[in-house]
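Participant: Dropping in target13.tsv, which is TSV, C-alpha atoms:
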```tsv
chain	number	residue	atom	x	y	z
A	1	MET	CA	71.62	49.98	37.09
A	2	LEU	CA	69.94	51.56	34.06
A	3	ARG	CA	67.54	48.63	33.70
A	4	LEU	CA	66.78	48.73	37.42
A	5	ALA	CA	66.04	52.46	37.21
A	6	VAL	CA	63.69	51.88	34.25
A	7	VAL	CA	61.88	49.07	36.09
A	8	LEU	CA	61.46	51.20	39.23
A	9	LEU	CA	60.19	54.13	37.18
A	10	LEU	CA	57.66	51.96	35.35
A	11	ALA	CA	56.53	50.44	38.64
A	12	PHE	CA	56.10	53.89	40.18
A	13	MET	CA	53.96	54.95	37.21
A	14	THR	CA	51.95	51.73	36.90
A	15	LEU	CA	51.18	50.68	40.49
A	16	PRO	CA	48.69	53.52	41.19
A	17	THR	CA	46.75	52.47	38.09
A	18	VAL	CA	46.71	48.86	39.26
A	19	VAL	CA	45.38	49.96	42.65
A	20	VAL	CA	42.61	52.03	41.02
A	21	VAL	CA	41.55	49.12	38.79
A	22	ALA	CA	41.50	46.71	41.73
A	23	VAL	CA	39.51	49.09	43.96
A	24	SER	CA	36.88	49.53	41.22
A	25	PHE	CA	35.74	45.92	41.74
A	26	ASN	CA	35.27	46.31	45.49
A	27	PRO	CA	31.74	45.19	46.51
A	28	THR	CA	31.61	47.54	49.50
A	29	ALA	CA	31.17	51.33	49.52
A	30	ILE	CA	34.60	51.81	51.08
A	31	LEU	CA	37.77	52.56	49.14
A	32	SER	CA	39.87	49.69	50.43
A	33	PHE	CA	42.81	47.78	48.96
A	34	PRO	CA	42.99	44.88	48.42
A	35	PRO	CA	39.26	44.58	47.59
A	36	ALA	CA	37.08	42.39	49.78
A	37	GLY	CA	35.57	40.68	46.72
A	38	LEU	CA	34.54	41.23	43.12
A	39	SER	CA	31.53	43.25	42.03
A	40	LEU	CA	30.45	45.36	39.03
A	41	ARG	CA	27.99	47.51	41.00
A	42	TRP	CA	30.17	50.61	40.77
A	43	TYR	CA	30.50	50.28	37.01
A	44	VAL	CA	26.71	50.17	36.79
A	45	ASN	CA	26.51	53.25	39.01
A	46	ALA	CA	29.07	55.10	36.89
A	47	LEU	CA	27.21	54.34	33.65
A	48	THR	CA	23.73	55.17	34.97
A	49	TYR	CA	24.46	58.26	37.08
A	50	PRO	CA	22.51	61.13	35.38
A	51	GLN	CA	25.19	63.78	35.95
A	52	PHE	CA	27.82	61.56	34.33
A	53	GLN	CA	25.56	60.88	31.35
A	54	ARG	CA	25.00	64.61	30.77
A	55	ALA	CA	28.69	65.37	31.26
A	56	ALA	CA	29.69	62.53	28.91
A	57	LEU	CA	27.52	64.05	26.18
A	58	ASN	CA	29.11	67.45	26.75
A	59	SER	CA	32.56	65.86	26.63
A	60	LEU	CA	31.73	64.14	23.36
A	61	VAL	CA	30.52	67.36	21.74
A	62	VAL	CA	33.41	69.48	23.01
A	63	THR	CA	36.06	66.88	22.18
A	64	LEU	CA	34.83	66.24	18.63
A	65	ALA	CA	34.42	69.95	17.89
A	66	SER	CA	37.83	70.90	19.29
A	67	ALA	CA	39.61	68.03	17.52
A	68	LEU	CA	37.96	68.75	14.17
A	69	LEU	CA	38.96	72.40	14.47
A	70	ALA	CA	42.47	71.87	15.85
A	71	VAL	CA	43.61	69.32	13.26
A	72	PRO	CA	43.15	71.49	10.12
A	73	PHE	CA	44.42	74.66	11.84
A	74	GLY	CA	47.37	72.81	13.33
A	75	THR	CA	48.19	71.15	10.00
A	76	ALA	CA	48.16	74.49	8.19
A	77	ALA	CA	50.37	75.98	10.90
A	78	ALA	CA	52.82	73.07	10.71
A	79	LEU	CA	53.08	73.35	6.93
A	80	ALA	CA	53.68	77.09	7.18
A	81	LEU	CA	56.33	76.75	9.88
A	82	VAL	CA	58.28	73.99	8.14
A	83	ARG	CA	57.88	74.76	4.44
A	84	HIS	CA	57.66	78.55	4.17
A	85	PRO	CA	60.22	81.22	5.08
A	86	LEU	CA	58.13	83.01	7.66
A	87	ARG	CA	59.39	86.07	9.44
A	88	ALA	CA	59.84	85.60	13.19
A	89	ARG	CA	59.32	81.85	12.84
A	90	GLY	CA	60.59	81.28	16.35
A	91	LEU	CA	58.01	83.70	17.73
A	92	TRP	CA	55.16	81.97	15.90
A	93	THR	CA	56.38	78.59	17.10
A	94	SER	CA	56.54	79.82	20.69
A	95	LEU	CA	53.03	81.25	20.48
A	96	LEU	CA	51.59	78.01	19.09
A	97	LEU	CA	53.33	75.91	21.73
A	98	SER	CA	52.75	78.33	24.63
A	99	PRO	CA	49.68	76.45	26.02
A	100	LEU	CA	52.11	73.72	27.07
A	101	VAL	CA	53.91	76.02	29.51
A	102	ILE	CA	51.15	78.40	30.64
A	103	PRO	CA	49.78	77.22	34.03
A	104	GLY	CA	46.28	75.81	33.72
A	105	VAL	CA	45.04	77.92	36.63
A	106	ALA	CA	46.19	81.13	34.94
A	107	ALA	CA	44.68	80.13	31.61
A	108	GLY	CA	41.41	79.05	33.22
A	109	LEU	CA	41.10	82.25	35.25
A	110	GLY	CA	41.78	84.40	32.21
A	111	LEU	CA	39.21	82.56	30.11
A	112	LEU	CA	36.70	82.78	32.96
A	113	ILE	CA	37.05	86.58	33.15
A	114	LEU	CA	36.85	86.93	29.36
A	115	ALA	CA	33.83	84.64	29.02
A	116	ALA	CA	32.04	86.41	31.86
A	117	LYS	CA	32.63	89.79	30.21
A	118	LEU	CA	31.22	88.49	26.91
A	119	GLY	CA	28.33	86.64	28.56
A	120	LEU	CA	29.35	83.27	27.11
A	121	LEU	CA	29.72	81.16	30.24
A	122	GLN	CA	26.53	79.21	29.46
A	123	SER	CA	27.80	78.16	26.02
A	124	ARG	CA	29.81	75.07	25.13
A	125	TRP	CA	31.76	77.14	22.61
A	126	VAL	CA	33.87	78.63	25.38
A	127	LEU	CA	35.03	75.12	26.24
A	128	VAL	CA	35.58	74.33	22.56
A	129	VAL	CA	37.80	77.39	22.05
A	130	ALA	CA	39.77	76.61	25.20
A	131	HIS	CA	40.28	72.98	24.20
A	132	VAL	CA	41.36	73.96	20.68
A	133	ALA	CA	44.07	76.17	22.17
A	134	LEU	CA	45.17	73.40	24.56
A	135	VAL	CA	45.39	70.59	21.97
A	136	LEU	CA	46.84	72.72	19.16
A	137	PRO	CA	50.49	72.28	20.31
A	138	PHE	CA	50.16	68.49	20.10
A	139	VAL	CA	48.72	68.71	16.60
A	140	VAL	CA	51.34	71.17	15.38
A	141	ARG	CA	54.23	69.17	16.80
A	142	SER	CA	53.12	65.77	15.51
A	143	VAL	CA	52.35	67.05	12.00
A	144	ALA	CA	55.47	69.23	11.82
A	145	VAL	CA	57.72	66.23	12.43
A	146	SER	CA	56.16	64.36	9.50
A	147	VAL	CA	56.28	67.45	7.27
A	148	ALA	CA	60.00	67.76	8.00
A	149	ASN	CA	60.47	64.15	6.85
A	150	LEU	CA	58.35	64.63	3.71
A	151	ASP	CA	60.36	64.71	0.48
A	152	PRO	CA	59.57	68.07	-1.20
A	153	ALA	CA	60.58	66.59	-4.56
A	154	LEU	CA	57.24	64.76	-4.66
A	155	GLU	CA	55.33	68.03	-4.43
A	156	ARG	CA	57.61	69.71	-6.95
A	157	ALA	CA	57.05	66.82	-9.35
A	158	ALA	CA	53.27	67.25	-9.10
A	159	ALA	CA	53.60	71.01	-9.62
A	160	SER	CA	55.88	70.52	-12.64
A	161	LEU	CA	53.20	68.33	-14.23
A	162	GLY	CA	50.73	71.21	-14.10
A	163	ALA	CA	48.94	70.65	-10.80
A	164	PRO	CA	47.89	73.91	-9.09
A	165	PRO	CA	48.99	74.45	-5.46
A	166	TRP	CA	45.65	73.41	-3.95
A	167	ARG	CA	45.68	70.14	-5.92
A	168	VAL	CA	49.25	69.42	-4.82
A	169	VAL	CA	48.15	69.80	-1.20
A	170	VAL	CA	45.00	67.70	-1.60
A	171	ARG	CA	46.37	64.94	-3.84
A	172	VAL	CA	50.01	64.68	-2.69
A	173	THR	CA	50.80	66.40	0.62
A	174	LEU	CA	47.79	65.39	2.72
A	175	PRO	CA	47.76	61.71	1.62
A	176	LEU	CA	51.45	61.43	2.51
A	177	LEU	CA	50.71	63.00	5.89
A	178	ARG	CA	47.75	60.72	6.61
A	179	PRO	CA	49.44	58.74	9.44
A	180	ALA	CA	50.52	61.96	11.15
A	181	LEU	CA	47.05	63.45	10.76
A	182	PHE	CA	45.44	60.42	12.37
A	183	ALA	CA	48.01	60.51	15.16
A	184	ALA	CA	47.35	64.22	15.69
A	185	LEU	CA	43.61	63.55	15.80
A	186	LEU	CA	44.16	60.78	18.34
A	187	PHE	CA	46.23	62.96	20.65
A	188	ALA	CA	43.80	65.85	20.27
A	189	VAL	CA	40.92	63.61	21.35
A	190	ILE	CA	42.82	62.14	24.30
A	191	VAL	CA	44.09	65.50	25.57
A	192	SER	CA	40.70	67.18	25.18
A	193	LEU	CA	38.82	64.31	26.77
A	194	ASN	CA	41.06	64.35	29.86
A	195	GLU	CA	41.43	68.14	30.24
A	196	PHE	CA	40.35	69.27	33.70
A	197	VAL	CA	42.00	72.38	35.15
A	198	VAL	CA	40.93	74.97	32.56
A	199	SER	CA	37.52	73.31	32.12
A	200	LEU	CA	36.87	73.59	35.86
A	201	PHE	CA	36.98	77.39	35.62
A	202	ILE	CA	34.79	77.90	32.54
A	203	SER	CA	32.16	75.16	32.83
A	204	THR	CA	28.81	75.38	34.58
A	205	ARG	CA	26.45	72.76	35.92
A	206	VAL	CA	24.88	72.51	32.45
A	207	THR	CA	28.04	72.58	30.33
A	208	GLU	CA	30.46	70.66	32.59
A	209	ILE	CA	32.44	67.88	30.96
A	210	LEU	CA	33.13	64.46	32.42
A	211	PRO	CA	36.41	65.21	34.31
A	212	VAL	CA	34.72	68.16	36.05
A	213	ALA	CA	31.68	66.02	36.90
A	214	MET	CA	34.03	63.40	38.34
A	215	PHE	CA	35.67	66.03	40.54
A	216	THR	CA	32.27	67.19	41.78
A	217	TYR	CA	31.33	63.59	42.60
A	218	VAL	CA	34.53	63.03	44.56
A	219	VAL	CA	33.79	66.12	46.66
A	220	ASN	CA	30.46	64.64	47.78
A	221	TYR	CA	30.99	60.87	47.73
A	222	THR	CA	33.82	58.47	48.58
A	223	ASP	CA	32.59	55.20	47.07
A	224	PRO	CA	34.53	53.32	44.34
A	225	THR	CA	32.45	54.82	41.52
A	226	MET	CA	35.35	57.09	40.62
A	227	ALA	CA	37.68	54.12	40.47
A	228	ALA	CA	35.27	52.36	38.08
A	229	LEU	CA	34.93	55.41	35.84
A	230	SER	CA	38.69	55.98	35.90
A	231	THR	CA	39.21	52.36	34.87
A	232	LEU	CA	36.90	52.90	31.91
A	233	PHE	CA	38.93	55.98	30.97
A	234	ILE	CA	42.18	54.02	31.22
A	235	ALA	CA	40.83	51.12	29.17
A	236	ALA	CA	39.50	53.41	26.43
A	237	THR	CA	42.81	55.29	26.20
A	238	VAL	CA	44.89	52.10	26.08
A	239	VAL	CA	42.68	50.61	23.36
A	240	ALA	CA	42.77	53.81	21.28
A	241	VAL	CA	46.57	54.11	21.47
A	242	PHE	CA	47.05	50.38	20.77
A	243	VAL	CA	44.80	50.47	17.70
A	244	ALA	CA	46.47	53.63	16.42
A	245	ASP	CA	49.95	52.19	16.92
A	246	ARG	CA	48.86	48.94	15.30
A	247	PHE	CA	47.63	50.57	12.12
A	248	LEU	CA	49.65	53.80	11.99
A	249	ASP	CA	52.99	52.82	13.58
A	250	LEU	CA	53.21	55.87	15.83
A	251	SER	CA	56.90	55.29	16.53
A	252	ARG	CA	57.59	55.81	12.83
A	253	VAL	CA	55.36	58.86	12.65
A	254	PHE	CA	57.34	60.69	15.35
A	255	GLN	CA	60.79	59.52	14.29
A	256	ILE	CA	62.87	62.31	12.79
A	257	GLY	CA	65.03	60.90	10.00
A	258	GLU	CA	68.31	62.33	8.86
A	259	GLU	CA	66.67	63.69	5.73
A	260	GLY	CA	64.31	65.79	7.87
A	261	ARG	CA	66.98	67.38	10.03
```
Could you spell out this file's structure in structure tokens?
Facilitator:
Amino acid sequence: MLRLAVVLLLAFMTLPTVVVVAVSFNPTAILSFPPAGLSLRWYVNALTYPQFQRAALNSLVVTLASALLAVPFGTAAALALVRHPLRARGLWTSLLLSPLVIPGVAAGLGLLILAAKLGLLQSRWVLVVAHVALVLPFVVRSVAVSVANLDPALERAAASLGAPPWRVVVRVTLPLLRPALFAALLFAVIVSLNEFVVSLFISTRVTEILPVAMFTYVVNYTDPTMAALSTLFIAATVVAVFVADRFLDLSRVFQIGEEGR
């Protein structure tokens, strides 16, 4: 019964993706399944549509900026939460992880009002700040698990040999956390690249990212272009996770050993 439940759950999660991929090759302008034939015309349309090209550039800028900011801040926060006796540690942890439970509509509306008051709606930096806040919980959690499994004796040994604190962090702590840092960067990129709800509130026609541009396209058109673009998104995500798991062993990164409990 357990195996049957797992199979049914996987089928429920996978079949919609299979339908989207199949529809993307439909030669007609109608969203029909099964497809009437095979064609790449909608992939060409997705890659050459000017609004998608502009939105893809915005997504690239926002995603890279938010990931490069979230990883160092999240790493510092994880080290502080795990290694240092902070006061009100539970409160700090709740604050850092709160974007996971705050509804996207509420967060987007609040950021919209704040950005409008400050006159920053035309700037990509509003999106960058929002995305940093949204991906920070994933960075903190993934790095914190590895920090908890890190043997502090290695850092104490470096300090006892005369290394100052900054050198211990640079030469011992960060190299040992390299797999977790790459995993955190991967999740930050994936979450930021696919973020939609908050971005819908604070993006304009000029600064909109790709998920928002896709939503706008769906409102006006019903051809399989969205299926083609979604398939490209799915393929890129699968490849990124596969490569990361191949070289970083993500299951080991997120496994909490007995020594880290």
Participant: Write out as a Markdown table a residue-level contact list of range 192-232 of chain A versus range 37-56 of chain A with cut-off 8 Å: for each qualifying residue the closest pair of atoms and the distance in Å to one decimal, counting all atoms listed in the file, rows sorted by chain and residue number upward.
Facilitator:
```
| residue | atom | partner | partner_atom | distance |
| --- | --- | --- | --- | --- |
| A:Thr207 | CA | A:Ala55 | CA | 7.3 |
| A:Glu208 | CA | A:Ala55 | CA | 5.7 |
| A:Ile209 | CA | A:Ala55 | CA | 4.5 |
| A:Leu210 | CA | A:Ala55 | CA | 4.7 |
| A:Ala213 | CA | A:Ala55 | CA | 6.4 |
| A:Met214 | CA | A:Phe52 | CA | 7.6 |
| A:Pro224 | CA | A:Trp42 | CA | 6.3 |
| A:Thr225 | CA | A:Trp42 | CA | 4.8 |
| A:Met226 | CA | A:Ala46 | CA | 7.6 |
| A:Ala228 | CA | A:Tyr43 | CA | 5.3 |
| A:Leu229 | CA | A:Ala46 | CA | 6.0 |
```
Participant: Please indicate the distance in Å from CA of Leu161 in chain A to CA of Phe182 in chain A, rounded to one decimal place.
Facilitator: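 Those two atoms sit 28.8 Å apart.
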Participant: Which residue is closest to Val140 in chain A? Choose from A:Leu97, A:Leu176, A:Leu112, A:Leu118 and count only C-alpha atoms.
Facilitator: A:Leu97
Participant: What's the separation between CA of Phe33 in chain A and CA of Phe12 in chain A, in Å to one decimal place?
Facilitator: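 Between CA of Phe33 in chain A and CA of Phe12 in chain A the gap is 17.1 Å.
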Participant: Which value, in Å to one decimal, gives the distance between CA of Ala130 in chain A and CA of Arg83 in chain A?
Facilitator: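 That distance, rounded to one decimal, is 27.6 Å.
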Participant: Choose the residue, out of A:Leu95, A:Val238, A:Val198, A:Met1, that has the smallest atom-to-atom separation from Ala107 in chain A; count only C-alpha atoms.
Facilitator: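 Smallest distance to Ala107 in chain A is found for A:Val198.
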Participant: From the list A:Ala144, A:Leu134, A:Ala163, A:Leu127, which residue is nearest Leu100 in chain A when using all atoms listed in the file?
Facilitator: A:Leu134
Participant: Just checking: using all atoms listed in the file, which residue out of A:Val61, A:Ala22, A:Leu120, A:Val147 ends up closest to Ala77 in chain A?
Facilitator: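 Once distances to Ala77 in chain A are computed over all atoms listed in the file, the minimum belongs to A:Val147.
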Participant: Can you work out which one of A:Val19, A:Ala67, A:Ala80, A:Val172 has the shortest atom-to-atom distance to Val189 in chain A, counting only C-alpha atoms?
Facilitator: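 Distance minimum relative to Val189 in chain A lands on A:Ala67.
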Participant: Nearest residue to Leu79 in chain A out of A:Leu64, A:Val206, A:Val139, A:Leu57, using only C-alpha atoms?
Facilitator: A:Val139
Participant: Which centre and which edge lengths, in Å to one decimal, describe the axis-aligned box that holds all listed atoms of range 191-198 of chain A after 5 Å is added on each side, as lines of an AutoDock Vina configuration file?
Facilitator:
```
center_x = 41.5
center_y = 69.6
center_z = 30.2
size_x = 15.3
size_y = 20.7
size_z = 20.0
```
Participant: Compile the contact shell of Val62 in chain A as a CSV table (one decimal) with C-alpha atoms, in the coordinates of the input: residues with an atom at most 8 Å away, counting all atoms listed in the file, same-chain residues fewer than 5 positions apart removed.
Facilitator:
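And here is the file that came out, result_32.csv:
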```csv
chain,number,residue,atom,x,y,z
A,124,ARG,CA,29.8,75.1,25.1
A,125,TRP,CA,31.8,77.1,22.6
A,127,LEU,CA,35.0,75.1,26.2
A,128,VAL,CA,35.6,74.3,22.6
A,131,HIS,CA,40.3,73.0,24.2
A,192,SER,CA,40.7,67.2,25.2
```
Participant: Which residues of range 87-167 of chain A have any atom within 10 Å of an atom in range 200-203 of chain A when counting all atoms listed in the file, and what is the closest pair of atoms for each, with the distance in Å to one decimal? Order the rows by chain and rising number and write it as a tab-separated table.
Facilitator:
```
residue	atom	partner	partner_atom	distance
A:Gly104	CA	A:Phe201	CA	9.6
A:Val105	CA	A:Phe201	CA	8.1
A:Ala106	CA	A:Phe201	CA	10.0
A:Ala107	CA	A:Phe201	CA	9.1
A:Gly108	CA	A:Phe201	CA	5.3
A:Leu109	CA	A:Phe201	CA	6.4
A:Gly110	CA	A:Phe201	CA	9.2
A:Leu111	CA	A:Ile202	CA	6.9
A:Leu112	CA	A:Ile202	CA	5.3
A:Ile113	CA	A:Ile202	CA	9.0
A:Leu114	CA	A:Ile202	CA	9.8
A:Ala115	CA	A:Ile202	CA	7.7
A:Ala116	CA	A:Ile202	CA	9.0
A:Leu120	CA	A:Ile202	CA	9.4
A:Leu121	CA	A:Ile202	CA	6.5
A:Gln122	CA	A:Ser203	CA	7.7
A:Ser123	CA	A:Ser203	CA	8.6
A:Arg124	CA	A:Ser203	CA	8.1
A:Val126	CA	A:Ile202	CA	7.3
A:Leu127	CA	A:Ile202	CA	6.9
A:Ala130	CA	A:Ile202	CA	9.0
```
Participant: May I have the residues within 10 Å of Ile190 in chain A as a ChimeraX atom specification, using all atoms listed in the file and disregarding those fewer than 6 positions away in the same chain?
Facilitator: /A:63,67,135,184,233,236-237,240-241
Participant: Please provide as a PyMOL selection string all residues within 12 Å of Val82 in chain A, with the sequence filter that same-chain residues fewer than 5 positions apart are discarded (counting only C-alpha atoms).
Facilitator: chain A and resi 75-77+89-90+92-93+140-141+143-150+152+260-261
Participant: Now that the selection is made, can you save its residues with C-alpha atoms as a JSON list (two decimals), in the coordinates of the input?
Facilitator:
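Generated file (result-v4.json):
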```
[["chain", "number", "residue", "atom", "x", "y", "z"],
["A", 75, "THR", "CA", 48.19, 71.15, 10.00],
["A", 76, "ALA", "CA", 48.16, 74.49, 8.19],
["A", 77, "ALA", "CA", 50.37, 75.98, 10.90],
["A", 89, "ARG", "CA", 59.32, 81.85, 12.84],
["A", 90, "GLY", "CA", 60.59, 81.28, 16.35],
["A", 92, "TRP", "CA", 55.16, 81.97, 15.90],
["A", 93, "THR", "CA", 56.38, 78.59, 17.10],
["A", 140, "VAL", "CA", 51.34, 71.17, 15.38],
["A", 141, "ARG", "CA", 54.23, 69.17, 16.80],
["A", 143, "VAL", "CA", 52.35, 67.05, 12.00],
["A", 144, "ALA", "CA", 55.47, 69.23, 11.82],
["A", 145, "VAL", "CA", 57.72, 66.23, 12.43],
["A", 146, "SER", "CA", 56.16, 64.36, 9.50],
["A", 147, "VAL", "CA", 56.28, 67.45, 7.27],
["A", 148, "ALA", "CA", 60.00, 67.76, 8.00],
["A", 149, "ASN", "CA", 60.47, 64.15, 6.85],
["A", 150, "LEU", "CA", 58.35, 64.63, 3.71],
["A", 152, "PRO", "CA", 59.57, 68.07, -1.20],
["A", 260, "GLY", "CA", 64.31, 65.79, 7.87],
["A", 261, "ARG", "CA", 66.98, 67.38, 10.03]]
```
